Structures are given as structure tokens and as C-alpha cells.
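Student: Please find one structure pasted underneath; my questions will follow.
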Amino acid sequence: MYKYDEYDQQMVDVRVEEFRDQVRRRVSGELTEDQFKPLRLQNGLYLQLHAYMLRVAVPYGTLSGAQMHLLGDIADKYDRGYGHFTTRQNIQYNWIKLEETPDILAELAKVEMHAIQTSGNCIRNISSDQFAGAAADEIIDPRPYAELLRQWSSFHPEFLVLPRKFKICVIASETDRAAMRLHDIGIKMVRNDAGEIGAQFYAGGGMGRTPMIAPLIREFVPLDQLITFSEACLRVYNRYGRRDNKYKARIKILVHELGRDEYVRQVEEEFAHLLTQPIEPPLAELERIKAHFVDPAFETGLSNDLDLTDPDFRLWVERNTTAHKVPGYVIATISLKPVGGIPGDASADQIRLMAKLGTEYSFDELRVTHAQNIVLPHVKKADLYTVWQALDEAGLATANLDTVGDIIACPGLDYCSLANARSIPVAQKISERFGSAQKQAEIGELKLKISGCINACGHHHAGHIGILGVDKKGLENYQLLFGGSEGADTSLAKIIGPGFTEDGVVDAIEKATQVYLANKQGEERFLDTYRRIGMDPFKEAIYG
Amino acid sequence: MKILTGNDLKSGAVVWWTGHGWSLDVNDSADVGDNGAAIIAREEGVQNVFAAYVVDGEKTDEGVRPAHIKERIRAFGPTVRLDLTLKPSDPAALNWVI
């Protein structure tokens, strides 16, 4: 894992004291709310429906045991005993007090964490593959490149006031586990014909009210031009992105309106210009960063065998573990989606337990996934049953990864001041309706995502089944969408027809799964069957 | 009736204008009539409360009820965590919200 050097630490420490002074001035009345609001937002402090909310950055979703442990302690000490893991691989606390925020940030700084650039029109926390450094199918660990981009984008003076927020994702596998093409810039680390590692760039993707899939804008950017090319992409956006209308200000609108080819032409022109003014950090800096991401001391010659005589353990292994690049190890995903639970929420005790397991059984590493789960990336198979038993005891061993119970849901109207409808109760009802292991096994992979408003924090556009909560004359109403995907086969879901009540949408989903089961061929997933037979059979079953 | 809500500066807690101060309980809300903007201007100037706005509500047998579900959830707390609401031991209170 990356460790702060003295500059990183100083930047964060200075920022904490700066914010402490800003809070003092706000409380004393020296600053009005209009003056203070942009300052608190730059430090991740929002005002939500019930209280202040603090969003803490988890760069590319990677955490140490000590960091995770502190997140649990903060939940206890400063919040109401729980935290909410988000679709940006971050964590949010819902009940924060203004005067305590500088102390929270100071505690975070001690474990090399912060809340900088988790809000505002800047480059946000950079996301990545939650299996980075462990996945059997990756060509290289993408995190050093994400870290380089994090350092470049932190406090970048030219990009602190962009037309709108800007999200970057870096992956290095054919299997996209991070919704890469639904980002403002998606970067896929690739190997060219000469065997060299470089970056493939996509730009202009996103969800929100105008969902777009990012087109490919460059096949290969050499490693010693990664920052320069990124800077060129941002410069063109910063120069021409619309600042007159916040709903048209994201880069996806610029790329769409200019057309992909014209955007690429302008980026290449800017890139050529920037190459004459060397801004690229030396490769030695990348090498310095990479040294922090060397593999842990994996044992060799380990057995791949697992004792699967315990049926509950067997189910969890089949559903929640993934092949590791090193024999004898496995990637374990901890579902934060118990039947009837709140997607992404974990109690302080649960957070600390996961921290302990990460420290003891996963080389002190944990990951947050964009699907609001937690990963132990490097678990020895010989330890897996012990880990599972500890998780099971804490209510963290739900075996439902990528099934209909593994729902992404935004906080919705229960917490969010922007939401139009509640997301969590819908997720809970679906989770309960499809809660049995038998039902989930029968339906198989089905990614269901719920947003409580058009801003799409719950990624409903990318759900095999998506649900969008809307306000219909003061009543909550839910639109149903089918056919989205965030994977390598990225697609955008389409609305199937008129909306439903909360109970109606759950019934509609049950009917849709019945259509799927009646029509599936071979090993088809729900999404495959939908793509093959189209929307009509589903509409007929749902609307009669 | 028109009622006035905002957030306490230090705690962020949701508060309601009572006619002479701010309360955590929506049932203490006063009808501000057409005076909402003036009260907001005065109170935000004092710096104790911010992000204040006027909402529609009605006086019922059970107390003051905001007209829109958003403000009812704001008044009550998250419907999915009864333990964190103003009425943690009364599941029937959810009917008031929904």
C-alpha cells in the first residue's frame, strides 16, 4: 500500500488546521454560510436531510487494517455507531457535528486519510478495481497509476474549479469490475504489440440525468505520458465545458456535443502542445510509487484444497470468493447486504472486525467495492473457514455476491436532501422477497441497482434491473429499467413503462424473474436472456 | 399553514421555528404565514440556524404534519432506522411519515 511521504503528510495536516480555523470563524460568525459552504464541501462536509454528512476518501478503494479500524472508531466516537460505504468506494457518516469535524479529520490524517476532493467541482477520489493486485486476470496492478493520478490531481490549481465534478477510474483487466466506461475518464492499463504497458483512454462517460458510455479516445498512451495526456483531456474540458448550465456541464455533454472525433482532435492538439512544456513527472516517481505496491510475501507451494463439508461455508465460497493470482490464496468479498438490511451500512463493531480480519488474514489490506461491499484481497485458503466463521458470527457472511440480493442502493430520501424517493426500503423488500439461497441460486447473477433520484448515485442506468425513484405529485413512484451493465459489456438500461408503487415494483421484479426463468437458455444470465428476447415479453408479463 | 425549518449550525440537527425560538420537534412549529422570509433573514443573521426554508404543513389531531414526505422524513428521522428517529419505540409512527 502507498505510504505518505513527508510532503503528503504535511499537505493533509496543514489542510486540517486550515479547516479548523475555518470552522472556528464560521461558529464565531466571521464567515456566513454562503462563504463557508464551499470550504466545508472541499473538505467533504455536506449538509444532508437530517444533519451534516462527512464523506471520507478511500483512494482507489484500498485500506489498511489500521485505517479501517479507525473508520469504526469514528463511527462510535463521532457518529451514531455506523458508517455507509458508497458507490465511489468511500465511506460516509450521517450524523456529524460541525465543531467535531476538524478533530475527525485530524484523526484521519494520523492514519494517512482525509476527506479532500470528495465534493465540489474538482477531480474526485479515483476509483479502481477492488481486486487490483490480487486478480488472476489483470495484466498489472492498476493502483500505482491511480496513485500517480491522485497525486497529480490533489490540489491541482488548474482543476480545482472545473465546470462540474470529475471522476476517473483506472483498471487493468479485461473484466471491468469498476464501471470504467461510466466515468468522466476511464483508463484501462493495457499491453501493446511490443509488450509495453500503457494506458487506453476513454472519455465522456457517466450516469446522472444524461447517461453516456465513454467512447475510446486513445488506444495507447505510453507510461511516460500518462499525466500529460490526462492534463490535455482535462484542459479541453476545463476550457469548453459548459459553466452556464450545471445539467450540461459534465464532460460527457461536451464530448457528445463536439462529437468524439472533434474532442479527440482538440485533446491531441493540446497534448502535442503540452509535450513541448514537460509537465510529466519523471518515471522515477512512478517507480517510487510502484515500490509501495509490491506483492505481499505470499507463501509458495500452498494447497488449493478447501474442506467444503459445511454447506453454509460451501455456499459462501461458491458465491463470494474469486480466484487469486497466487495458488493457495483466494479473494473474499464480504457482503454488506444481509437479507432485509441496508446496503452498504456497517456497524462500528463490524467495521473493526473486518479491519482485524484484514490485518490478520489478508496482509493488512482491505478494499471497498463500488457495489458497497468489502474485500479481503489475499486470504490463504487454509484460513478461509476461520475467516468465514468470524464473519458469520458478526452477521457478515451473507452469500449473495452479484445476485438479486446484492443490491446497490443510494441513501435515498431517508438521508439525502436531493432525493425524490426512498431507495433503502425498496432494497430491503426485494432482498426479503428473494432472500432464500434457493431462489438466489435459481436466478443466478442479477445486478439490481436503485437510485432515489435522477442523479443516479445508485447506478440504476447500469443495472441488469435498475430502479429510479421519482416524485409523482408528492408520492414516491418507481420506474423500472432493464438491460444495463457496468461490465466489459457496458450498456445503459431502458425504462420499460409506467412506474410503480413501492410494493408494485417488487412484484414487477418477481414477474420479470419468472419471464427470465421461463426463457433462459443454458447458462444465460438475466441480462443475456433480456438481450436475446427483448423487452416485450417482460412488459407483457408485468403490465398484462 | 406555513412552517419553517432549518439546521442548527453546530450540530446540524433539524429544527423548527416555534414563534420565539427553534425546536427539535415539528409539533412545536408555529404558523409563520407570510413572514417566513423575514424570519429566515433575521435568524440566519444571528448565525444559530442556517439553510432555513418554508414548507407547507397542516395542523392535525396528532400535531403538525408537513405536507410533503421529504419534510416528514426530515422531521421524523430515517424510516429505515427507527432507533434513530424521534420515536424510536413506536413503529406505528411510520404511518405518520408515509
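In the C-alpha cells, each chain is lettered A, B, ... as it comes, each chain's residues begin at 1, and ligands are numbered from 1 in order of appearance.
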As a PyMOL selection string, please: the residues near Ser347 (chain A) (cut-off 8 Å, only C-alpha atoms, same-chain neighbours under 2 positions excluded).
Tutor: chain A and resi 72+75+81-83+345+349-351
Student: For chain B versus chain A, which residues have an atom no more than 8 Å away, and what is each residue's nearest atom pair and distance in Å rounded to one decimal, using only C-alpha atoms, chain-then-number order, as CSV?
Tutor:
```
residue,atom,partner,partner_atom,distance
B:Asn7,CA,A:Ala51,CA,7.3
B:Leu9,CA,A:Leu98,CA,7.4
B:Lys10,CA,A:Leu98,CA,5.2
B:Ser11,CA,A:Lys97,CA,4.5
B:Gly12,CA,A:Ala51,CA,4.4
B:Ala13,CA,A:Ala51,CA,5.2
B:Val14,CA,A:His50,CA,5.7
B:Gln47,CA,A:Gly29,CA,6.3
B:Phe50,CA,A:Glu33,CA,7.0
B:His68,CA,A:Gly474,CA,6.1
B:Ile69,CA,A:Gly474,CA,7.0
B:Lys70,CA,A:Leu413,CA,6.8
B:Ile73,CA,A:Asp414,CA,6.7
B:Arg74,CA,A:His50,CA,5.8
B:Gly77,CA,A:His50,CA,6.9
B:Pro78,CA,A:Asp414,CA,4.6
B:Thr79,CA,A:Asp414,CA,6.2
B:Val80,CA,A:Pro425,CA,6.7
```
Student: DSSP says strand (DSSP E or B) for which residues of region 147-308 of chain A? Put them as an mmCIF file with C-alpha atoms, in the first residue's frame?
Tutor:
```cif
data_model
loop_
_atom_site.group_PDB
_atom_site.id
_atom_site.type_symbol
_atom_site.label_atom_id
_atom_site.label_comp_id
_atom_site.auth_asym_id
_atom_site.auth_seq_id
_atom_site.Cartn_x
_atom_site.Cartn_y
_atom_site.Cartn_z
ATOM 1 C CA PHE A 166 -14.877 14.868 -12.494
ATOM 2 C CA ILE A 168 -11.589 8.992 -13.030
ATOM 3 C CA CYS A 169 -11.312 5.219 -12.895
ATOM 4 C CA VAL A 170 -8.276 3.008 -13.564
ATOM 5 C CA ILE A 171 -8.479 -0.732 -14.239
ATOM 6 C CA SER A 173 -8.250 -6.329 -16.558
ATOM 7 C CA ILE A 185 -12.296 9.452 -17.843
ATOM 8 C CA GLY A 186 -11.851 5.701 -17.829
ATOM 9 C CA ILE A 187 -8.335 4.333 -18.063
ATOM 10 C CA LYS A 188 -7.560 0.738 -18.844
ATOM 11 C CA MET A 189 -3.953 -0.335 -18.459
ATOM 12 C CA VAL A 190 -3.035 -2.461 -21.472
ATOM 13 C CA ARG A 191 -0.057 -4.095 -23.133
ATOM 14 C CA ILE A 197 2.466 -1.338 -20.629
ATOM 15 C CA GLY A 198 0.452 1.779 -21.380
ATOM 16 C CA ALA A 199 -2.949 3.337 -20.850
ATOM 17 C CA GLN A 200 -6.041 3.122 -23.008
ATOM 18 C CA PHE A 201 -8.205 6.221 -22.532
ATOM 19 C CA TYR A 202 -11.972 6.544 -22.626
ATOM 20 C CA ALA A 203 -13.652 9.915 -22.038
ATOM 21 C CA GLY A 206 -21.207 8.969 -16.808
ATOM 22 C CA MET A 212 -23.403 8.099 -21.590
ATOM 23 C CA LEU A 216 -12.418 5.200 -26.725
ATOM 24 C CA ILE A 217 -10.309 8.274 -27.364
ATOM 25 C CA ARG A 218 -6.810 6.771 -27.496
ATOM 26 C CA GLU A 219 -5.656 3.193 -27.868
ATOM 27 C CA PHE A 220 -2.322 3.593 -26.128
ATOM 28 C CA VAL A 221 -0.665 6.290 -24.056
ATOM 29 C CA PRO A 222 2.907 5.431 -23.015
#
```
Student: Have a look at CA of Leu275 (chain A) and CA of Thr228 (chain A) and let me know their distance in Å, one decimal.
Tutor: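 About the pair CA of Leu275 (chain A) and CA of Thr228 (chain A): they are 7.1 Å apart.
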Student: Neighbouring residues of region 27-34 of chain B were defined as those with any atom within 7 Å, considering only C-alpha atoms; residues of the same chain fewer than 3 positions away were excluded. Please report them as a PyMOL selection string.
Tutor: chain B and resi 1-3+16-19+23+63-64
Student: Using DSSP secondary structure from the backbone, list all helix (DSSP H, G or I) positions within region 164-235 of chain A, as a ChimeraX atom specification.
Tutor: /A:180-182,223-235
Student: Counting only C-alpha atoms, which residue out of B:Val55, B:Ile98, B:Ala67, B:Val26 sits closest to Leu86 (chain B)?
Tutor: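 Ranking B:Val55, B:Ile98, B:Ala67, B:Val26 by distance to Leu86 (chain B), first place goes to B:Val26.
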Student: Measuring between only C-alpha atoms, which one of B:Leu24, B:Gly45, B:Ala38, B:Gly6 shows the shortest distance to Thr85 (chain B)?
Tutor: B:Leu24
Student: Please report the interatomic distance between CA of Arg243 (chain A) and CA of Thr118 (chain A) in Å with one decimal.
Tutor: 20.2 Å
Student: Please report the interatomic distance between CA of Ala355 (chain A) and CA of Gln67 (chain A) in Å with one decimal.
Tutor: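 Separating CA of Ala355 (chain A) from CA of Gln67 (chain A) is a distance of 7.9 Å.
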